[in-house]
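Engineer: Sharing upload_37.cif here; it has mmCIF, C-alpha atoms.
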data_query
loop_
_atom_site.label_atom_id
_atom_site.label_comp_id
_atom_site.auth_asym_id
_atom_site.auth_seq_id
_atom_site.Cartn_x
_atom_site.Cartn_y
_atom_site.Cartn_z
CA MET A 772 -19.51 -71.10 0.63
CA PRO A 773 -20.86 -68.36 2.91
CA ARG A 774 -20.11 -64.78 1.98
CA THR A 775 -19.73 -62.06 4.57
CA PRO A 776 -20.19 -58.45 3.46
CA ILE A 777 -17.27 -56.30 4.58
CA GLU A 778 -18.39 -52.96 3.22
CA PRO A 779 -21.83 -51.33 3.37
CA GLN A 780 -23.54 -50.11 0.23
CA PHE A 781 -22.19 -46.66 -0.51
CA THR A 782 -23.99 -43.48 -1.50
CA VAL A 783 -22.63 -40.48 -3.38
CA GLU A 784 -24.14 -37.08 -2.73
CA HIS A 785 -24.93 -34.61 -5.51
CA LEU A 786 -24.97 -30.96 -4.51
CA SER A 787 -26.93 -28.29 -6.38
CA ILE A 788 -27.90 -24.94 -4.85
CA LEU A 789 -28.80 -22.70 -7.79
CA ASP A 790 -30.30 -24.65 -10.67
CA SER A 791 -30.41 -23.69 -14.35
CA ASP A 792 -33.90 -22.22 -13.95
CA GLY A 793 -32.71 -19.85 -11.24
CA ASN A 794 -34.31 -21.76 -8.36
CA LEU A 795 -32.32 -21.28 -5.16
CA ASP A 796 -32.20 -23.72 -2.25
CA SER A 797 -31.77 -21.07 0.43
CA ALA A 798 -31.16 -23.72 3.11
CA LEU A 799 -27.92 -24.68 1.30
CA GLU A 800 -26.90 -21.19 0.16
CA PRO A 801 -23.32 -20.53 1.34
CA SER A 802 -22.57 -17.40 3.34
CA ILE A 803 -20.65 -15.22 0.88
CA ALA A 804 -20.27 -11.47 1.38
CA PRO A 805 -21.78 -9.25 -1.35
CA ASP A 806 -18.38 -7.91 -2.41
CA GLU A 807 -17.08 -11.45 -2.74
CA LEU A 808 -20.09 -12.44 -4.87
CA LYS A 809 -19.29 -9.53 -7.18
CA ARG A 810 -15.68 -10.65 -7.32
CA LEU A 811 -16.70 -14.18 -8.23
CA HIS A 812 -18.92 -12.91 -11.03
CA ARG A 813 -16.23 -10.60 -12.34
CA ALA A 814 -13.71 -13.46 -12.38
CA MET A 815 -16.11 -15.73 -14.25
CA LEU A 816 -16.88 -13.00 -16.77
CA LEU A 817 -13.19 -12.21 -17.22
CA GLY A 818 -12.47 -15.89 -17.82
CA ARG A 819 -15.22 -16.10 -20.47
CA ARG A 820 -14.33 -12.85 -22.29
CA PHE A 821 -10.59 -13.54 -22.19
CA ASP A 822 -11.24 -17.03 -23.55
CA GLU A 823 -13.24 -15.56 -26.44
CA ARG A 824 -10.47 -13.05 -27.17
CA MET A 825 -7.84 -15.80 -27.12
CA LEU A 826 -9.87 -17.74 -29.66
CA ARG A 827 -9.86 -14.75 -32.02
CA LEU A 828 -6.12 -14.28 -31.50
CA GLN A 829 -5.48 -17.93 -32.29
CA ARG A 830 -7.58 -17.83 -35.44
CA GLN A 831 -5.57 -14.78 -36.54
CA GLY A 832 -2.30 -16.62 -35.99
CA ARG A 833 -1.22 -14.39 -33.11
CA ILE A 834 -1.03 -17.23 -30.55
CA GLY A 835 -0.84 -21.00 -30.89
CA THR A 836 -3.16 -23.85 -29.96
CA PHE A 837 -4.89 -23.68 -26.57
CA ALA A 838 -7.78 -25.32 -24.71
CA PRO A 839 -10.87 -23.07 -24.37
CA ILE A 840 -12.75 -23.02 -21.04
CA LYS A 841 -16.17 -21.79 -22.17
CA GLY A 842 -18.82 -23.37 -19.95
CA GLN A 843 -16.46 -24.34 -17.13
CA GLU A 844 -16.02 -20.97 -15.42
CA ALA A 845 -18.11 -21.86 -12.35
CA ALA A 846 -16.23 -25.11 -11.75
CA GLN A 847 -12.93 -23.24 -11.79
CA ILE A 848 -13.76 -20.04 -9.93
CA GLY A 849 -16.04 -21.68 -7.38
CA SER A 850 -13.28 -24.10 -6.40
CA VAL A 851 -10.18 -21.92 -6.52
CA ALA A 852 -11.89 -19.18 -4.48
CA ALA A 853 -11.79 -21.48 -1.45
CA LEU A 854 -7.97 -21.34 -1.36
CA ARG A 855 -5.67 -18.97 0.48
CA ARG A 856 -2.68 -17.40 -1.25
CA THR A 857 -0.45 -19.65 0.86
CA ASP A 858 -2.15 -22.76 -0.57
CA TRP A 859 -1.03 -24.50 -3.75
CA MET A 860 -2.89 -24.68 -7.07
CA VAL A 861 -1.91 -27.39 -9.58
CA PRO A 862 -3.57 -26.91 -13.00
CA SER A 863 -3.86 -29.14 -16.01
CA PHE A 864 -4.21 -27.35 -19.36
CA ARG A 865 -7.73 -25.88 -19.15
CA GLU A 866 -7.66 -23.75 -15.99
CA THR A 867 -7.37 -20.23 -17.40
CA ALA A 868 -10.01 -18.79 -15.05
CA SER A 869 -8.39 -20.40 -12.00
CA MET A 870 -5.00 -19.06 -13.06
CA LEU A 871 -6.35 -15.52 -13.43
CA TRP A 872 -7.82 -15.75 -9.93
CA ARG A 873 -4.45 -16.88 -8.58
CA GLY A 874 -2.65 -13.85 -10.00
CA TRP A 875 -1.43 -14.97 -13.42
CA THR A 876 -1.62 -11.96 -15.72
CA MET A 877 -3.38 -12.25 -19.04
CA GLU A 878 -0.25 -11.23 -20.94
CA ARG A 879 1.74 -13.99 -19.23
CA ILE A 880 -0.86 -16.57 -20.26
CA LEU A 881 -0.79 -15.23 -23.81
CA LEU A 882 3.00 -15.45 -23.83
CA PHE A 883 2.76 -19.13 -22.87
CA PHE A 884 0.46 -19.92 -25.79
CA ALA A 885 2.66 -17.85 -28.10
CA GLY A 886 5.63 -20.07 -27.26
CA TYR A 887 7.51 -17.86 -24.80
CA LEU A 888 9.39 -19.66 -22.04
CA GLU A 889 8.51 -16.87 -19.60
CA GLY A 890 4.80 -17.53 -20.04
CA GLY A 891 4.90 -20.79 -18.11
CA GLN A 892 6.89 -19.50 -15.14
CA PRO A 893 5.03 -18.57 -11.94
CA THR A 894 6.26 -15.51 -10.08
CA PRO A 895 8.41 -16.24 -6.99
CA GLU A 896 5.59 -15.51 -4.56
CA GLN A 897 3.06 -17.74 -6.37
CA ARG A 898 2.36 -21.17 -4.97
CA ASP A 899 1.21 -22.51 -8.32
CA LEU A 900 2.63 -25.09 -10.69
CA PRO A 901 2.77 -24.29 -14.43
CA ILE A 902 0.27 -25.53 -17.00
CA CYS A 903 0.61 -29.29 -17.48
CA ILE A 904 -0.21 -30.67 -20.93
CA PRO A 905 0.30 -34.48 -20.47
CA VAL A 906 -2.97 -35.79 -19.04
CA ALA A 907 -3.01 -36.49 -15.27
CA THR A 908 0.77 -36.31 -14.81
CA GLN A 909 0.41 -33.29 -12.51
CA LEU A 910 -1.64 -35.24 -9.94
CA PRO A 911 1.21 -37.24 -8.31
CA HIS A 912 3.15 -33.97 -8.06
CA ALA A 913 0.20 -32.39 -6.27
CA VAL A 914 0.17 -35.24 -3.75
CA GLY A 915 3.89 -34.76 -3.28
CA LEU A 916 3.36 -31.08 -2.52
CA ALA A 917 0.68 -31.99 0.01
CA TYR A 918 2.93 -34.61 1.60
CA ALA A 919 5.72 -32.03 1.89
CA ALA A 920 3.37 -29.50 3.50
CA GLN A 921 2.23 -32.15 5.98
CA TYR A 922 5.81 -33.20 6.73
CA ARG A 923 6.91 -29.62 7.38
CA GLY A 924 3.92 -28.78 9.54
CA ASP A 925 2.71 -26.19 7.03
CA ASP A 926 -1.08 -25.68 7.02
CA ALA A 927 -1.15 -25.30 3.23
CA VAL A 928 -3.75 -27.16 1.16
CA VAL A 929 -3.15 -28.31 -2.41
CA MET A 930 -5.90 -28.13 -5.05
CA ALA A 931 -5.27 -30.21 -8.16
CA TYR A 932 -7.37 -30.03 -11.33
CA CYS A 933 -8.04 -32.69 -13.94
CA GLY A 934 -10.67 -33.63 -16.50
CA ASP A 935 -12.83 -36.73 -16.77
CA GLY A 936 -10.39 -38.19 -19.29
CA ALA A 937 -7.65 -38.10 -16.65
CA THR A 938 -9.53 -40.70 -14.60
CA SER A 939 -8.58 -43.28 -17.25
CA GLU A 940 -4.88 -42.65 -16.62
CA GLY A 941 -2.76 -44.54 -14.12
CA ASP A 942 -1.40 -41.28 -12.66
CA PHE A 943 -4.89 -40.41 -11.40
CA HIS A 944 -5.27 -43.66 -9.50
CA GLU A 945 -1.72 -43.61 -8.16
CA ALA A 946 -2.24 -40.08 -6.88
CA MET A 947 -5.56 -40.96 -5.27
CA ASN A 948 -4.07 -44.05 -3.65
CA PHE A 949 -1.09 -42.23 -2.14
CA ALA A 950 -3.28 -39.33 -1.06
CA GLY A 951 -5.44 -41.77 0.86
CA VAL A 952 -2.54 -43.76 2.31
CA TRP A 953 -0.65 -40.66 3.45
CA HIS A 954 -3.82 -38.79 4.46
CA VAL A 955 -2.46 -35.58 2.92
CA PRO A 956 -4.19 -32.17 2.55
CA VAL A 957 -5.09 -32.31 -1.13
CA VAL A 958 -8.37 -31.59 -2.92
CA PHE A 959 -8.82 -33.17 -6.34
CA VAL A 960 -11.20 -31.21 -8.60
CA CYS A 961 -12.33 -33.25 -11.60
CA GLN A 962 -14.07 -31.11 -14.21
CA ASN A 963 -16.30 -33.71 -15.82
CA ASN A 964 -17.11 -31.88 -19.05
CA GLN A 965 -18.55 -35.07 -20.65
CA TRP A 966 -15.92 -35.45 -23.36
CA ALA A 967 -12.28 -36.60 -23.33
CA ILE A 968 -11.50 -35.04 -26.71
CA SER A 969 -13.91 -37.12 -28.85
CA VAL A 970 -14.53 -39.92 -26.33
CA PRO A 971 -17.78 -39.57 -24.34
CA LEU A 972 -17.94 -40.24 -20.61
CA LYS A 973 -19.85 -43.51 -21.11
CA LYS A 974 -16.80 -44.89 -22.93
CA GLN A 975 -14.43 -43.61 -20.23
CA THR A 976 -15.97 -45.44 -17.30
CA HIS A 977 -18.86 -47.72 -16.35
CA SER A 978 -19.09 -46.04 -12.93
CA ARG A 979 -22.29 -44.14 -12.28
CA THR A 980 -20.19 -41.19 -11.06
CA ILE A 981 -16.56 -40.17 -11.02
CA ALA A 982 -16.95 -39.12 -7.39
CA GLN A 983 -17.42 -42.73 -6.27
CA LYS A 984 -13.91 -43.61 -7.42
CA ALA A 985 -12.67 -41.87 -4.27
CA LEU A 986 -14.27 -44.51 -2.06
CA ALA A 987 -11.92 -47.24 -3.31
CA TYR A 988 -9.01 -45.23 -1.95
CA GLY A 989 -10.55 -44.47 1.42
CA LEU A 990 -11.39 -40.82 0.90
CA PRO A 991 -14.68 -38.98 0.44
CA GLY A 992 -16.04 -38.09 -2.96
CA VAL A 993 -18.83 -35.67 -3.77
CA GLN A 994 -20.53 -34.74 -7.04
CA VAL A 995 -21.64 -31.16 -7.57
CA ASP A 996 -23.43 -29.22 -10.27
CA GLY A 997 -20.34 -27.80 -11.91
CA ASN A 998 -22.32 -24.99 -13.56
CA ASP A 999 -23.52 -23.74 -10.17
CA VAL A 1000 -20.78 -21.56 -8.68
CA LEU A 1001 -22.50 -21.56 -5.29
CA ALA A 1002 -22.52 -25.37 -5.10
CA VAL A 1003 -18.91 -25.64 -6.25
CA TYR A 1004 -17.82 -23.02 -3.73
CA ALA A 1005 -19.69 -24.75 -0.88
CA ALA A 1006 -18.17 -28.15 -1.71
CA ALA A 1007 -14.68 -26.75 -2.19
CA ARG A 1008 -14.84 -24.75 1.04
CA GLU A 1009 -15.84 -27.86 2.98
CA ALA A 1010 -13.09 -29.96 1.36
CA VAL A 1011 -10.40 -27.32 1.90
CA ASP A 1012 -11.40 -26.83 5.53
CA ARG A 1013 -11.30 -30.61 6.08
CA ALA A 1014 -7.85 -30.85 4.54
CA ARG A 1015 -6.52 -27.93 6.57
CA ALA A 1016 -7.87 -29.47 9.77
CA GLY A 1017 -5.91 -32.66 9.10
CA ASP A 1018 -8.87 -34.74 7.94
CA GLY A 1019 -7.31 -35.71 4.63
CA PRO A 1020 -8.11 -35.50 0.91
CA THR A 1021 -11.37 -35.17 -1.03
CA LEU A 1022 -12.40 -35.75 -4.64
CA ILE A 1023 -14.90 -33.24 -6.06
CA GLU A 1024 -16.57 -34.12 -9.34
CA CYS A 1025 -17.91 -30.99 -11.07
CA VAL A 1026 -20.51 -32.03 -13.64
CA THR A 1027 -20.17 -29.41 -16.35
CA TYR A 1028 -19.81 -29.18 -20.13
CA ARG A 1029 -17.21 -28.01 -22.61
CA LEU A 1030 -19.26 -25.69 -24.83
CA GLY A 1031 -16.39 -25.10 -27.24
CA PHE A 1032 -13.47 -27.05 -28.65
CA HIS A 1033 -11.27 -29.53 -26.84
CA THR A 1034 -8.46 -27.41 -28.24
CA THR A 1035 -8.38 -25.02 -31.15
CA ALA A 1036 -7.11 -27.93 -33.28
CA ASP A 1037 -10.41 -29.77 -32.67
CA ASP A 1038 -13.71 -29.92 -34.55
CA PRO A 1039 -16.39 -31.08 -32.05
CA SER A 1040 -19.07 -31.19 -34.74
CA LYS A 1041 -17.48 -34.46 -35.88
CA TYR A 1042 -18.45 -36.32 -32.71
CA ARG A 1043 -21.29 -34.55 -30.88
CA SER A 1044 -24.66 -33.17 -31.87
CA GLU A 1045 -25.86 -29.57 -31.94
CA GLU A 1046 -28.86 -30.65 -29.86
CA GLU A 1047 -26.55 -31.75 -27.05
CA VAL A 1048 -24.66 -28.45 -27.10
CA THR A 1049 -27.90 -26.47 -27.15
CA MET A 1050 -29.19 -28.38 -24.13
CA TRP A 1051 -26.07 -27.53 -22.13
CA GLU A 1052 -26.07 -23.90 -23.27
CA LYS A 1053 -29.32 -23.54 -21.33
CA LYS A 1054 -27.31 -24.44 -18.21
CA ASP A 1055 -24.68 -21.75 -18.85
CA PRO A 1056 -23.00 -20.92 -15.51
CA LEU A 1057 -22.64 -17.21 -16.28
CA THR A 1058 -26.29 -16.74 -17.25
CA ARG A 1059 -27.37 -18.53 -14.09
CA PHE A 1060 -25.14 -16.55 -11.73
CA ARG A 1061 -26.01 -13.26 -13.41
CA ALA A 1062 -29.71 -13.88 -12.74
CA TYR A 1063 -28.91 -14.66 -9.10
CA LEU A 1064 -26.99 -11.40 -8.70
CA GLU A 1065 -29.78 -9.42 -10.37
CA GLN A 1066 -32.26 -10.81 -7.86
CA ARG A 1067 -29.99 -9.60 -5.08
CA ASN A 1068 -29.35 -6.20 -6.73
CA LEU A 1069 -25.62 -6.94 -6.87
CA LEU A 1070 -25.01 -6.90 -10.63
CA GLU A 1071 -22.66 -4.11 -11.73
CA SER A 1072 -24.05 -2.39 -14.81
CA ASP A 1073 -20.72 -1.53 -16.50
CA ILE A 1074 -18.79 -4.67 -15.61
CA GLU A 1075 -18.62 -6.06 -19.15
CA SER A 1076 -17.14 -2.92 -20.71
CA ARG A 1077 -14.55 -2.64 -17.93
CA VAL A 1078 -13.54 -6.27 -18.37
CA ASP A 1079 -13.20 -5.81 -22.14
CA GLU A 1080 -10.99 -2.75 -21.62
CA GLU A 1081 -8.75 -4.70 -19.25
CA ILE A 1082 -8.39 -7.51 -21.78
CA ALA A 1083 -7.58 -5.08 -24.61
CA ALA A 1084 -4.84 -3.47 -22.52
CA ALA A 1085 -3.36 -6.88 -21.69
CA VAL A 1086 -3.30 -7.86 -25.37
CA GLN A 1087 -1.44 -4.64 -26.17
CA ARG A 1088 1.17 -5.39 -23.51
CA PHE A 1089 1.54 -8.93 -24.83
CA GLU A 1090 2.06 -7.79 -28.41
CA ALA A 1091 4.63 -5.19 -27.30
CA THR A 1092 6.84 -7.98 -25.95
CA PRO A 1093 10.09 -8.35 -27.94
CA PRO A 1094 10.52 -11.57 -29.93
CA ALA A 1095 11.60 -14.61 -27.94
CA ASP A 1096 15.19 -15.85 -28.15
CA PRO A 1097 14.96 -19.21 -29.97
CA LEU A 1098 18.24 -20.36 -28.40
CA THR A 1099 16.45 -20.82 -25.08
CA MET A 1100 14.95 -24.04 -26.44
CA PHE A 1101 18.30 -25.67 -25.66
CA ASP A 1102 18.59 -24.38 -22.10
CA HIS A 1103 16.38 -26.58 -19.93
CA ALA A 1104 16.38 -30.12 -21.31
CA TYR A 1105 19.89 -31.17 -20.25
CA ALA A 1106 22.30 -30.08 -17.52
CA GLU A 1107 25.06 -30.52 -20.12
CA LEU A 1108 24.17 -30.45 -23.80
CA PRO A 1109 25.09 -33.58 -25.83
CA PRO A 1110 27.49 -32.85 -28.72
CA ASP A 1111 24.81 -33.16 -31.40
CA LEU A 1112 22.57 -30.58 -29.70
CA GLU A 1113 25.57 -28.36 -29.02
CA ALA A 1114 26.26 -28.40 -32.75
CA GLN A 1115 22.63 -27.55 -33.52
CA ARG A 1116 22.73 -24.68 -31.04
CA ALA A 1117 25.90 -23.32 -32.61
CA GLU A 1118 24.36 -23.50 -36.08
CA MET A 1119 21.23 -21.70 -34.92
CA ALA A 1120 23.32 -19.01 -33.22
CA VAL A 1121 25.11 -18.34 -36.52
CA ARG A 1122 21.81 -18.19 -38.40
CA GLU A 1123 20.29 -15.82 -35.86
CA ALA A 1124 23.33 -13.52 -35.92
CA ALA A 1125 23.26 -13.36 -39.71
CA GLY A 1126 19.56 -12.55 -39.88
CA PRO A 1127 17.17 -13.76 -42.58
CA PRO A 1128 19.06 -14.82 -45.73
CA ARG A 1129 18.42 -12.93 -48.92
CA VAL A 1130 17.03 -14.74 -51.91
CA GLY A 1131 19.81 -16.65 -53.66
CA GLU A 1132 22.34 -16.27 -50.83
CA PRO A 1133 23.76 -19.44 -49.18
CA THR A 1134 22.92 -20.00 -45.53
CA PRO A 1135 25.98 -19.46 -43.30
CA LEU A 1136 27.09 -22.54 -41.34
CA PRO A 1137 29.23 -22.83 -38.21
CA PRO A 1138 32.72 -24.36 -38.31
CA ARG A 1139 32.90 -28.13 -38.80
CA ALA A 1140 32.22 -29.93 -35.54
CA THR A 1141 34.07 -33.04 -34.36
CA PRO A 1142 31.76 -36.04 -34.92
CA MET A 1143 30.90 -38.45 -32.14
CA ARG A 1144 32.22 -42.03 -32.43
CA GLY A 1145 30.19 -43.82 -35.05
CA GLN A 1146 28.65 -40.55 -36.32
CA ARG A 1147 29.15 -39.28 -39.85
CA LEU A 1148 29.12 -35.50 -40.06
CA THR A 1149 27.88 -34.34 -43.46
CA ARG A 1150 27.77 -30.99 -45.12
CA ARG A 1151 25.16 -29.78 -47.49
#
Written as structure tokens, how would this file's structure read?
Structural biologist:
Amino acid sequence: MPRTPIEPQFTVEHLSILDSDGNLDSALEPSIAPDELKRLHRAMLLGRRFDERMLRLQRQGRIGTFAPIKGQEAAQIGSVAALRRTDWMVPSFRETASMLWRGWTMERILLFFAGYLEGGQPTPEQRDLPICIPVATQLPHAVGLAYAAQYRGDDAVVMAYCGDGATSEGDFHEAMNFAGVWHVPVVFVCQNNQWAISVPLKKQTHSRTIAQKALAYGLPGVQVDGNDVLAVYAAAREAVDRARAGDGPTLIECVTYRLGFHTTADDPSKYRSEEEVTMWEKKDPLTRFRAYLEQRNLLESDIESRVDEEIAAAVQRFEATPPADPLTMFDHAYAELPPDLEAQRAEMAVREAAGPPRVGEPTPLPPRATPMRGQRLTRR
């Protein structure tokens, strides 16, 4: 039976402008004003130093589990810097640097990881969605935002982040499919940091690249050196401009590396070698960009101390926040609380009003509630 080819062989471009040895391809160097280059470096440095401070706070029990970003600062700052304030940013759970760029304060981020409801709430003027923990579930929402912007005639672009592990989830493929079908202004940024918790990329996909997955859905995909902030910025700027002009979505694969833990509950030494980590440390995005700025005489000599002072002040403001009201845990799950949760809320309210019980004293309980049909209400 004869076979007729219906698609040509595809190619996927890889973009690198400033390599790990400091070699610059000046023909590809994006036009970025000196002040903006300084701002990019400051944002990357702030993301790194704040991440390190958060790790110390977590180890001291002052915040809860979080996902460190060390090694991924260029992928985040290079991409988010291409957005306007009127655009939308949709994070997953490892976009601390992008969030800082978009106006999230450090104390608000700390409040989120300390369990405060207020920590996950964007300010009214922010066009950002909150941190999303379930893998890839934010991506269909991002496409919905882009569809709404297109429908309303708004020129906003949506940038949605995910990791390489998200490409194994159905939500990723559904979002890509609808983005292609509706031709909406969304830019997917996949931070391919080589590991989905303890699962390496080679066990995630047999595709040579993640970028090529875009082609199945009729949209362009490009792979960039995710540790090269200039390459990420150039690719993101092109994708955002395309989307804003009505030319549809793009998938950007940022090839980078998670130098630290998946989360602070993780021990990466159980599944990857020190030699691998050492190899990627030589490609550190901050070291590379710092050398570039030094060559251009743009590096600010006191930037690190000023960033550290800013972080210390933010930590002080965070720790001056009054304790959270535990009753708020009942406020946003149901429009009308079921009787069993209403009873739990009443019991907690009594406990909170009474304060911590003294040793040997019985715990006060609320009045007996009316049981639901088929429910036995017991007392201790």
Engineer: What's the separation between atom CA of A:Val993 and atom CA of A:Trp859, in Å to one decimal place?
Structural biologist: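 Answer for the atom CA of A:Val993 to atom CA of A:Trp859 separation: 21.0 Å.
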Engineer: Starting from the shown file, work through the PyMOL selection byres ((chain A and resi 995-1001) around 10) and note down what comes out as a PyMOL selection string.
Structural biologist: chain A and resi 784-791+795+799-803+808+811-812+815+842-850+961-964+982+993-994+1002-1007+1023-1028+1051+1054-1060
Engineer: Put those residues in a file: C-alpha atoms, as a PDB file, in the coordinates of the input.
Structural biologist:
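Written file, out.pdb:
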ATOM      1  CA  GLU A 784     -24.140 -37.080  -2.730  1.00  0.00           C
ATOM      2  CA  HIS A 785     -24.930 -34.610  -5.510  1.00  0.00           C
ATOM      3  CA  LEU A 786     -24.970 -30.960  -4.510  1.00  0.00           C
ATOM      4  CA  SER A 787     -26.930 -28.290  -6.380  1.00  0.00           C
ATOM      5  CA  ILE A 788     -27.900 -24.940  -4.850  1.00  0.00           C
ATOM      6  CA  LEU A 789     -28.800 -22.700  -7.790  1.00  0.00           C
ATOM      7  CA  ASP A 790     -30.300 -24.650 -10.670  1.00  0.00           C
ATOM      8  CA  SER A 791     -30.410 -23.690 -14.350  1.00  0.00           C
ATOM      9  CA  LEU A 795     -32.320 -21.280  -5.160  1.00  0.00           C
ATOM     10  CA  LEU A 799     -27.920 -24.680   1.300  1.00  0.00           C
ATOM     11  CA  GLU A 800     -26.900 -21.190   0.160  1.00  0.00           C
ATOM     12  CA  PRO A 801     -23.320 -20.530   1.340  1.00  0.00           C
ATOM     13  CA  SER A 802     -22.570 -17.400   3.340  1.00  0.00           C
ATOM     14  CA  ILE A 803     -20.650 -15.220   0.880  1.00  0.00           C
ATOM     15  CA  LEU A 808     -20.090 -12.440  -4.870  1.00  0.00           C
ATOM     16  CA  LEU A 811     -16.700 -14.180  -8.230  1.00  0.00           C
ATOM     17  CA  HIS A 812     -18.920 -12.910 -11.030  1.00  0.00           C
ATOM     18  CA  MET A 815     -16.110 -15.730 -14.250  1.00  0.00           C
ATOM     19  CA  GLY A 842     -18.820 -23.370 -19.950  1.00  0.00           C
ATOM     20  CA  GLN A 843     -16.460 -24.340 -17.130  1.00  0.00           C
ATOM     21  CA  GLU A 844     -16.020 -20.970 -15.420  1.00  0.00           C
ATOM     22  CA  ALA A 845     -18.110 -21.860 -12.350  1.00  0.00           C
ATOM     23  CA  ALA A 846     -16.230 -25.110 -11.750  1.00  0.00           C
ATOM     24  CA  GLN A 847     -12.930 -23.240 -11.790  1.00  0.00           C
ATOM     25  CA  ILE A 848     -13.760 -20.040  -9.930  1.00  0.00           C
ATOM     26  CA  GLY A 849     -16.040 -21.680  -7.380  1.00  0.00           C
ATOM     27  CA  SER A 850     -13.280 -24.100  -6.400  1.00  0.00           C
ATOM     28  CA  CYS A 961     -12.330 -33.250 -11.600  1.00  0.00           C
ATOM     29  CA  GLN A 962     -14.070 -31.110 -14.210  1.00  0.00           C
ATOM     30  CA  ASN A 963     -16.300 -33.710 -15.820  1.00  0.00           C
ATOM     31  CA  ASN A 964     -17.110 -31.880 -19.050  1.00  0.00           C
ATOM     32  CA  ALA A 982     -16.950 -39.120  -7.390  1.00  0.00           C
ATOM     33  CA  VAL A 993     -18.830 -35.670  -3.770  1.00  0.00           C
ATOM     34  CA  GLN A 994     -20.530 -34.740  -7.040  1.00  0.00           C
ATOM     35  CA  ALA A1002     -22.520 -25.370  -5.100  1.00  0.00           C
ATOM     36  CA  VAL A1003     -18.910 -25.640  -6.250  1.00  0.00           C
ATOM     37  CA  TYR A1004     -17.820 -23.020  -3.730  1.00  0.00           C
ATOM     38  CA  ALA A1005     -19.690 -24.750  -0.880  1.00  0.00           C
ATOM     39  CA  ALA A1006     -18.170 -28.150  -1.710  1.00  0.00           C
ATOM     40  CA  ALA A1007     -14.680 -26.750  -2.190  1.00  0.00           C
ATOM     41  CA  ILE A1023     -14.900 -33.240  -6.060  1.00  0.00           C
ATOM     42  CA  GLU A1024     -16.570 -34.120  -9.340  1.00  0.00           C
ATOM     43  CA  CYS A1025     -17.910 -30.990 -11.070  1.00  0.00           C
ATOM     44  CA  VAL A1026     -20.510 -32.030 -13.640  1.00  0.00           C
ATOM     45  CA  THR A1027     -20.170 -29.410 -16.350  1.00  0.00           C
ATOM     46  CA  TYR A1028     -19.810 -29.180 -20.130  1.00  0.00           C
ATOM     47  CA  TRP A1051     -26.070 -27.530 -22.130  1.00  0.00           C
ATOM     48  CA  LYS A1054     -27.310 -24.440 -18.210  1.00  0.00           C
ATOM     49  CA  ASP A1055     -24.680 -21.750 -18.850  1.00  0.00           C
ATOM     50  CA  PRO A1056     -23.000 -20.920 -15.510  1.00  0.00           C
ATOM     51  CA  LEU A1057     -22.640 -17.210 -16.280  1.00  0.00           C
ATOM     52  CA  THR A1058     -26.290 -16.740 -17.250  1.00  0.00           C
ATOM     53  CA  ARG A1059     -27.370 -18.530 -14.090  1.00  0.00           C
ATOM     54  CA  PHE A1060     -25.140 -16.550 -11.730  1.00  0.00           C
TER      55      PHE A1060
END
Engineer: Give me, please, the distance in Å between atom CA of A:Pro779 and atom CA of A:Leu986, quoted to one decimal.
Structural biologist: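 Interatomic distance, atom CA of A:Pro779 to atom CA of A:Leu986: 11.5 Å.
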Engineer: Could you give me, as JSON, numbers by chain, the residues within 9 Å of stretch 862-879 of chain A, counting all atoms listed in the file and dropping anything in the same chain fewer than 3 positions from it?
Structural biologist: {"A": [814, 815, 817, 818, 819, 821, 822, 837, 838, 839, 840, 843, 844, 847, 848, 850, 851, 852, 856, 882, 883, 884, 887, 889, 890, 891, 892, 893, 894, 897, 898, 899, 900, 901, 902, 903, 904, 905, 906, 907, 908, 909, 910, 930, 931, 932, 933, 934, 1082, 1085, 1086, 1087, 1088, 1089, 1090]}
Engineer: Which value, in Å to one decimal, gives the distance between atom CA of A:Ala913 and atom CA of A:Val861?
Structural biologist: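 Computing the Euclidean distance for atom CA of A:Ala913 and atom CA of A:Val861 yields 6.4 Å.
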Engineer: Give the answer as one residue: which of A:Asp792, A:Val958, A:Ile880, A:Val783 has the shortest atom-to-atom distance to A:Lys1053, using only C-alpha atoms?
Structural biologist: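 When distances to A:Lys1053 are compared using only C-alpha atoms, the smallest one comes from A:Asp792.
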Engineer: Of the candidates A:Ser1040, A:Gln1066, A:Ser1076, A:Thr775, which one gets nearest to A:Arg813 if we count all atoms listed in the file?
Structural biologist: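 So, comparing all the options, the nearest one is A:Ser1076.
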Engineer: Could you tell me which residues the PyMOL selection byres ((chain A and resi 1041) around 12) returns for this structure, as a PDB file with C-alpha atoms, in the coordinates of the input?
Structural biologist:
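Wrote result06.pdb, looks like this:
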ATOM      1  CA  ILE A 968     -11.500 -35.040 -26.710  1.00  0.00           C
ATOM      2  CA  SER A 969     -13.910 -37.120 -28.850  1.00  0.00           C
ATOM      3  CA  VAL A 970     -14.530 -39.920 -26.330  1.00  0.00           C
ATOM      4  CA  PHE A1032     -13.470 -27.050 -28.650  1.00  0.00           C
ATOM      5  CA  ASP A1037     -10.410 -29.770 -32.670  1.00  0.00           C
ATOM      6  CA  ASP A1038     -13.710 -29.920 -34.550  1.00  0.00           C
ATOM      7  CA  PRO A1039     -16.390 -31.080 -32.050  1.00  0.00           C
ATOM      8  CA  SER A1040     -19.070 -31.190 -34.740  1.00  0.00           C
ATOM      9  CA  TYR A1042     -18.450 -36.320 -32.710  1.00  0.00           C
ATOM     10  CA  ARG A1043     -21.290 -34.550 -30.880  1.00  0.00           C
ATOM     11  CA  SER A1044     -24.660 -33.170 -31.870  1.00  0.00           C
ATOM     12  CA  GLU A1045     -25.860 -29.570 -31.940  1.00  0.00           C
TER      13      GLU A1045
END
Engineer: For a quick check of understanding, using only C-alpha atoms, which of A:Pro1020, A:Ile834, A:Ala950, A:Val955 has the smallest distance to A:Arg923?
Structural biologist: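 With only C-alpha atoms as the atom set, the closest residue is A:Val955.
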